[in-house]
Structure formats: structure tokens, C-alpha cells
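Notes follow the structure.
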Amino acid sequence: MLQAGIVGLPNVGKSTLFNAVTRTRKAQAANYPFCTIDPNVGMVTVPDPRLQVLSNISGSEKIIPTLIEFVDIAGLVKGASEGAGLGNQFLANIREVDAIVQVVRCFDNDDIIHELGSVDPLRDIEIINSELILADIATMDKRLSSRERKARSGDKEAKAEVALITKLLPHLNEGLPAITFEEKLDDDERKLLRSFQLLSDKKSIFACNVNEDELAAAINDPDSHPYVSQVRKYVAEHHNAEAIVISARIEEELIDVSEEEAAEFLESLGVQDSGVSDLIRAVYHLLGLRTYLTTGVKETRAWTIPDGAKAPQAASVIHTDFERGFIAAEVVHYDDLVACGSKAGAREHGKLRIEGKEYIVKDGDVIEFRFNV
């Protein structure tokens with residue numbers, strides 16, 4: 001299963017966010033650096049309101065959402081690439097995840113210590129990313145030395161690596177992440193770059209952690225919030241990334257209440273949905289994941305597939321026999337099914353169709369597979 005790692009400087013709300021997204025108190029949250037030493041891993045339900053709607057249509061006995069994994073990684077500090085704090089261990093933890101959720105402190109609170117003595121979101125982002133880039137430079141320098149010897153002996157793969165690294169290092173030395181270098185490469189070079197598994201080449205999303213009383217205004221009009229507006233503009237320009245507004249403290253307070261009570265409380269704050277729900281969905285798509293749905297009397301269920309998956313591959317998520325004996329897929333999109341009121345109605349209106357092995361499954365497809373083994 002793909003993982004998203006939650007990173008940031010100490011005391012920006014990483015463990016509080018982890019508690020919120022996993023709906024557990026597995027990650028200890030404390031007001032001092034390094035309270036999280038071993039990465040905490042939690043399974044996270046992906047919020048999907050379509051499931052309840054389909055369940056109502058089908059009269060399903062239960063609903064099963066899909067999941068992704070979040071990892072709470074301890075706080076990075078300046079100098080982590082050289083071993084400061086618990087730098088080497090934390091950078092290794094980041095290397096293992098598939099995408100990064102960078103939590104950025106966008107709130108003022110004198111009672112919560114900021115390691116650097118002041119709140120400055122852009123400085124914090126630059127510190128984290130500088131450490132990732134510096135670690136990548138060290139990795140590439142070492143790799144270049146080893147590959148140059150092979151390249152001189154005529155090794156084609158080594159020559160390709162040397163050529164790419166020679167172009168990449170000046171980019172990194174300018175303080176630019178590897179992910180923004182990809183647009184300058186052809187397909188083969190891009191594939192080779194990804195094989196290096198560089199820290200700054202991982203897809204990232206930025207979680208702007210705001211005060212409880214600022215959540216509604218920050219969600220409804222992000223540009224009105226001085227910190228959030230800075231972060232949104234900066235990460236779009238420098239990282240080609242998205243910024244999501246959250247209040248980790250509010251979300252943690254909702255852990256022990258029912259969904260109905262949580263919805264009422266959020267509505268009283270002037271928001272319709274939680275920032276963390278938006279974050280989970282954004283991370284799910286950032287990881288390149290999509291959802292198709294099955295529904296019936298027994299259950300309504302969400303299934304995770306990679307973007308671009310064809311029908312047999314999607315069928316294999318349910319059971320490998322479905323792929324091996326795939327005959328066809330009976331498909332109706334969620335929007336069409338809801339508009340028609342039932343599968344029978346969708347069939348009558350010509351919205352239910354039969355697709356074969358080459359069909360690329362779309363997010364929101366409601367599918368019933370035909371197979372024979």
C-alpha cells in the first residue's frame with residue numbers, strides 16, 4: 001500500500017494531524033521537539049460521500065470505504081542532512097514514503113514553542129526543503145563518483161546516469177527540488193531520475209495549520225489569511241504543489257465524537273467539511289490513486305486502483321480470479337446512476353454499458369464484473 005509521510009519542523013502540529021487523520025491517539029503529541037522518534041503508521045479512511053448515496057439506492061447492509069497509509073515522521077531540523085537532531089534516521093524514513101505531507105505552522109500561539117522563536121511559514125518550508133535537497137546533492141555526488149568509473153569503461157547505463165546527474169546537480173545546487181527538474185527531461189530521463197528515489201523528487205502537498213478561530217475564514221477565503229496566502233503562492237510557484245487549510249487541533253478534538261456531532265460542530269464554525277477530509281482526498285489523488293465502486297444489498301464498497309488502470313487490473317483488486325477469468329465489465333458512472341435512481345433506470349436510459357479488457361476505469365465508475373474461471 002502506498003504511504004504518505006507527514007513531515008515538518010518540531011511543534012508545527014504533525015502528530016496532532018496524524019491523530020486526526022487516523023482517528024487514534026497513536027502518535028504522542030507533546031510540546032517539545034522529537035516527541036515522535038519512531039515513525040507511527042496509521043490506516044486512514046478516505047472520505048467519500050458517494051458511498052452513503054449508493055448504499056441508500058441499493059439498501060446495502062454495510063459500507064466499506066477505501067484506505068491509505070499515513071506515516072508520522074519526527075520533526076526535521078536545520079542541519080538534518082548532516083545528522084543534526086535525528087536527521088539521518090528521519091531522512092531515511094522520508095525516503096521510504098511515496099508522497100510527503102508537509103505541515104506548515106500558520107498560527108500564532110505564545111504557549112506553543114516554535115523552535116526558531118517566531119512564526120514564518122516560508123522560512124520553515126525553505127528549511128525543510130533545503131535539507132531534502134542537500135541530502136539529494138550528497139546522494140548524487142556519491143553516485144556520480146561511482147558511475148563515472150563505469151562510464152569510462154563504456155557502460156551505456158552508467159553513461160546515461162552520468163549525463164543526467166551532471167545536468168541535475170546544478171539545478172539542486174540552486175536550491176531547486178528535483179521534482180521541478182522533471183519538466184526539462186524526456187521520458188527516458190524522467191524514468192531514470194525517478195529510479196534515484198530522491199527526497200526532493202517526491203510529490204508533496206502542504207497542510208497549512210491554522211488557529212481554531214481562523215479556520216472558516218482561511219478555508220472560505222484563503223487569500224485573506226496572511227500566512228496561508230503566502231504559502232499558497234509560494235508552493236504553487238516553487239513546488240508546483242497544492243496547499244490545504246486545516247486546523248489540526250480542531251480535528252483532534254473531533255476524534256471522540258460521532259460523525260453527526262462533528263458535522264454540527266464544524267457547521268457552527270462556518271465550514272461544511274473538515275480541512276483534514278479535504279487533505280486526505282488530496283493526498284489520495286496525489287498518490288495517483290482513483291476509486292471505483294461496487295454496490296448491492298450486501299455492501300457498498302470503494303476499491304482503490306492506480307490512475308489509468310484497465311478493467312481486468314481493476315477487477316484483480318477484488319480477487320485475482322476476476323482478472324484471470326475476466327469476460328466484461330458492466331459499467332455506469334456514479335453521476336448517471338444517481339440521476340437515474342437505480343441500475344434498472346440507468347439501463348433504461350442507456351447509461352449502463354458493457355466494457356471490455358481495454359477499458360480504462362474512471363474514478364466514480366460503478367462496476368459489476370463478469371468473469372469465468
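Please note that chains go A, B, ... in the order of the C-alpha cells, that every chain numbers its residues from 1, and that ligands are numbered from 1 in the order shown.
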- Task: Tell me which protein, DNA and RNA residues are within 12 Å of A:Ile305, counting only C-alpha atoms, leaving out same-chain ones fewer than 3 positions away, and put them as a PyMOL selection string.
- Result: chain A and resi 1-2+66-68+284-285+287-293+302+308-318+360-365
- Just the helix (DSSP H, G or I) stuff from stretch 162-222 of chain A, please, per backbone DSSP, written as number ranges by chain. A: 162-173, 178-184, 187-195, 199-201, 212-220, 222
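Minimum atom-to-atom distances from A:Asp108, A:Glu131, A:Glu157, A:Asp98 to A:Lys203 were compared using only C-alpha atoms, and the lowest value belongs to A:Asp98.
Pairwise distance (atom CA of A:Asn40, atom CA of A:Thr22) equals 10.4 Å.
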Would you give me, as a PDB file with N, CA and C atoms, in the first residue's frame, the residues in stretch 93-301 of chain A that DSSP reads as strand (DSSP E)?
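Here's the written file result-v2.pdb:
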ATOM      1  N   ALA A  99       4.803   9.870  -0.929  1.00  0.00           N
ATOM      2  CA  ALA A  99       4.478  11.289  -1.070  1.00  0.00           C
ATOM      3  C   ALA A  99       4.645  11.943   0.299  1.00  0.00           C
ATOM      4  N   ILE A 100       4.777  13.256   0.288  1.00  0.00           N
ATOM      5  CA  ILE A 100       5.051  13.999   1.517  1.00  0.00           C
ATOM      6  C   ILE A 100       3.920  14.978   1.794  1.00  0.00           C
ATOM      7  N   VAL A 101       3.422  14.962   3.026  1.00  0.00           N
ATOM      8  CA  VAL A 101       2.518  15.996   3.523  1.00  0.00           C
ATOM      9  C   VAL A 101       3.350  16.885   4.438  1.00  0.00           C
ATOM     10  N   GLN A 102       3.631  18.083   3.988  1.00  0.00           N
ATOM     11  CA  GLN A 102       4.459  18.984   4.787  1.00  0.00           C
ATOM     12  C   GLN A 102       3.557  19.919   5.591  1.00  0.00           C
ATOM     13  N   VAL A 103       3.572  19.742   6.910  1.00  0.00           N
ATOM     14  CA  VAL A 103       2.744  20.556   7.789  1.00  0.00           C
ATOM     15  C   VAL A 103       3.461  21.872   8.056  1.00  0.00           C
ATOM     16  N   VAL A 104       2.760  22.972   7.820  1.00  0.00           N
ATOM     17  CA  VAL A 104       3.338  24.303   7.967  1.00  0.00           C
ATOM     18  C   VAL A 104       2.568  25.069   9.039  1.00  0.00           C
ATOM     19  N   ARG A 105       3.272  25.587  10.004  1.00  0.00           N
ATOM     20  CA  ARG A 105       2.623  26.342  11.072  1.00  0.00           C
ATOM     21  C   ARG A 105       2.168  27.694  10.539  1.00  0.00           C
ATOM     22  N   LYS A 203       6.365  13.749  -4.678  1.00  0.00           N
ATOM     23  CA  LYS A 203       5.224  14.660  -4.743  1.00  0.00           C
ATOM     24  C   LYS A 203       4.882  15.127  -3.337  1.00  0.00           C
ATOM     25  N   SER A 204       4.539  16.398  -3.229  1.00  0.00           N
ATOM     26  CA  SER A 204       4.259  16.975  -1.917  1.00  0.00           C
ATOM     27  C   SER A 204       2.951  17.752  -1.934  1.00  0.00           C
ATOM     28  N   ILE A 205       2.361  17.832  -0.760  1.00  0.00           N
ATOM     29  CA  ILE A 205       1.214  18.697  -0.534  1.00  0.00           C
ATOM     30  C   ILE A 205       1.467  19.400   0.789  1.00  0.00           C
ATOM     31  N   PHE A 206       1.011  20.630   0.900  1.00  0.00           N
ATOM     32  CA  PHE A 206       1.313  21.436   2.079  1.00  0.00           C
ATOM     33  C   PHE A 206       0.043  21.659   2.896  1.00  0.00           C
ATOM     34  N   ALA A 207       0.117  21.313   4.184  1.00  0.00           N
ATOM     35  CA  ALA A 207      -1.022  21.465   5.098  1.00  0.00           C
ATOM     36  C   ALA A 207      -0.799  22.707   5.943  1.00  0.00           C
ATOM     37  N   CYS A 208      -1.597  23.732   5.695  1.00  0.00           N
ATOM     38  CA  CYS A 208      -1.485  24.994   6.434  1.00  0.00           C
ATOM     39  C   CYS A 208      -2.291  24.876   7.725  1.00  0.00           C
ATOM     40  N   ASN A 209      -1.595  24.732   8.834  1.00  0.00           N
ATOM     41  CA  ASN A 209      -2.235  24.510  10.129  1.00  0.00           C
ATOM     42  C   ASN A 209      -2.554  25.856  10.782  1.00  0.00           C
ATOM     43  N   GLU A 242       0.023  21.930  -4.147  1.00  0.00           N
ATOM     44  CA  GLU A 242      -1.227  22.440  -3.598  1.00  0.00           C
ATOM     45  C   GLU A 242      -1.081  22.673  -2.099  1.00  0.00           C
ATOM     46  N   ALA A 243      -1.800  23.663  -1.580  1.00  0.00           N
ATOM     47  CA  ALA A 243      -1.840  23.907  -0.136  1.00  0.00           C
ATOM     48  C   ALA A 243      -3.274  23.749   0.351  1.00  0.00           C
ATOM     49  N   ILE A 244      -3.447  22.987   1.429  1.00  0.00           N
ATOM     50  CA  ILE A 244      -4.761  22.724   2.012  1.00  0.00           C
ATOM     51  C   ILE A 244      -4.811  23.330   3.415  1.00  0.00           C
ATOM     52  N   VAL A 245      -5.904  24.015   3.733  1.00  0.00           N
ATOM     53  CA  VAL A 245      -6.061  24.611   5.052  1.00  0.00           C
ATOM     54  C   VAL A 245      -6.648  23.588   6.017  1.00  0.00           C
ATOM     55  N   ILE A 246      -6.024  23.460   7.190  1.00  0.00           N
ATOM     56  CA  ILE A 246      -6.524  22.569   8.232  1.00  0.00           C
ATOM     57  C   ILE A 246      -6.402  23.266   9.586  1.00  0.00           C
ATOM     58  N   LEU A 289      -3.954   7.676  -7.034  1.00  0.00           N
ATOM     59  CA  LEU A 289      -4.962   6.661  -6.761  1.00  0.00           C
ATOM     60  C   LEU A 289      -6.347   7.146  -7.184  1.00  0.00           C
ATOM     61  N   ARG A 290      -7.165   6.208  -7.625  1.00  0.00           N
ATOM     62  CA  ARG A 290      -8.531   6.506  -8.014  1.00  0.00           C
ATOM     63  C   ARG A 290      -9.459   5.443  -7.404  1.00  0.00           C
ATOM     64  N   THR A 291     -10.742   5.731  -7.395  1.00  0.00           N
ATOM     65  CA  THR A 291     -11.712   4.839  -6.751  1.00  0.00           C
ATOM     66  C   THR A 291     -12.797   4.421  -7.726  1.00  0.00           C
ATOM     67  N   TYR A 292     -13.042   3.104  -7.796  1.00  0.00           N
ATOM     68  CA  TYR A 292     -14.282   2.652  -8.423  1.00  0.00           C
ATOM     69  C   TYR A 292     -15.135   2.009  -7.337  1.00  0.00           C
ATOM     70  N   LEU A 293     -16.403   1.827  -7.629  1.00  0.00           N
ATOM     71  CA  LEU A 293     -17.376   1.451  -6.608  1.00  0.00           C
ATOM     72  C   LEU A 293     -18.152   0.210  -7.014  1.00  0.00           C
ATOM     73  N   THR A 294     -18.496  -0.592  -6.027  1.00  0.00           N
ATOM     74  CA  THR A 294     -19.436  -1.687  -6.233  1.00  0.00           C
ATOM     75  C   THR A 294     -20.564  -1.507  -5.226  1.00  0.00           C
ATOM     76  N   THR A 295     -21.759  -1.915  -5.600  1.00  0.00           N
ATOM     77  CA  THR A 295     -22.885  -1.719  -4.687  1.00  0.00           C
ATOM     78  C   THR A 295     -23.934  -2.808  -4.880  1.00  0.00           C
ATOM     79  N   GLU A 299     -23.329  -5.076   0.405  1.00  0.00           N
ATOM     80  CA  GLU A 299     -22.420  -3.987   0.767  1.00  0.00           C
ATOM     81  C   GLU A 299     -22.272  -3.004  -0.379  1.00  0.00           C
ATOM     82  N   THR A 300     -21.914  -1.776  -0.014  1.00  0.00           N
ATOM     83  CA  THR A 300     -21.420  -0.778  -0.962  1.00  0.00           C
ATOM     84  C   THR A 300     -19.977  -0.536  -0.600  1.00  0.00           C
ATOM     85  N   ARG A 301     -19.084  -0.612  -1.604  1.00  0.00           N
ATOM     86  CA  ARG A 301     -17.660  -0.606  -1.282  1.00  0.00           C
ATOM     87  C   ARG A 301     -16.857   0.222  -2.275  1.00  0.00           C
TER      88      ARG A 301
END
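Atom pair atom CA of A:Leu164 / atom CA of A:Pro177 has a distance of 14.9 Å (rounded to one decimal).
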- Which neighbours of A:Ala138 fall inside 12 Å, counting only C-alpha atoms, when residues of the same chain fewer than 4 positions from it are skipped, and could you give them as a VMD selection string? chain A and resid 81 to 82 131 to 134 142 to 145 165 169 172 to 173 198 to 199
- Nearest to A:Cys340 by atom-to-atom distance, counting only C-alpha atoms, from A:Ile57, A:Glu148, A:Leu193, A:Asn19: A:Ile57
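Of the residues under consideration (A:Glu330, A:Glu161, A:Asp72, A:Glu260), A:Asp72 shows the shortest atom-to-atom contact distance to A:Lys14 when counting only C-alpha atoms.
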- Message: Residues near A:Asn240, anyone? I mean within 8 Å using only C-alpha atoms, not counting same-chain ones fewer than 4 positions away, as number ranges by chain.
- Response: A: 180, 235-236
Save the residues we just selected, N, CA and C atoms, as a JSON list (two decimals), in the first residue's frame?
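As written to disk, result15.json reads:
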[["chain", "number", "residue", "atom", "x", "y", "z"],
["A", 180, "THR", "N", 10.98, 19.65, -9.78],
["A", 180, "THR", "CA", 10.80, 20.72, -10.77],
["A", 180, "THR", "C", 11.77, 20.59, -11.93],
["A", 235, "VAL", "N", 4.20, 27.81, -2.75],
["A", 235, "VAL", "CA", 4.32, 26.40, -3.15],
["A", 235, "VAL", "C", 3.84, 26.19, -4.58],
["A", 236, "ALA", "N", 2.91, 27.04, -5.04],
["A", 236, "ALA", "CA", 2.48, 26.93, -6.43],
["A", 236, "ALA", "C", 3.62, 27.31, -7.37]]
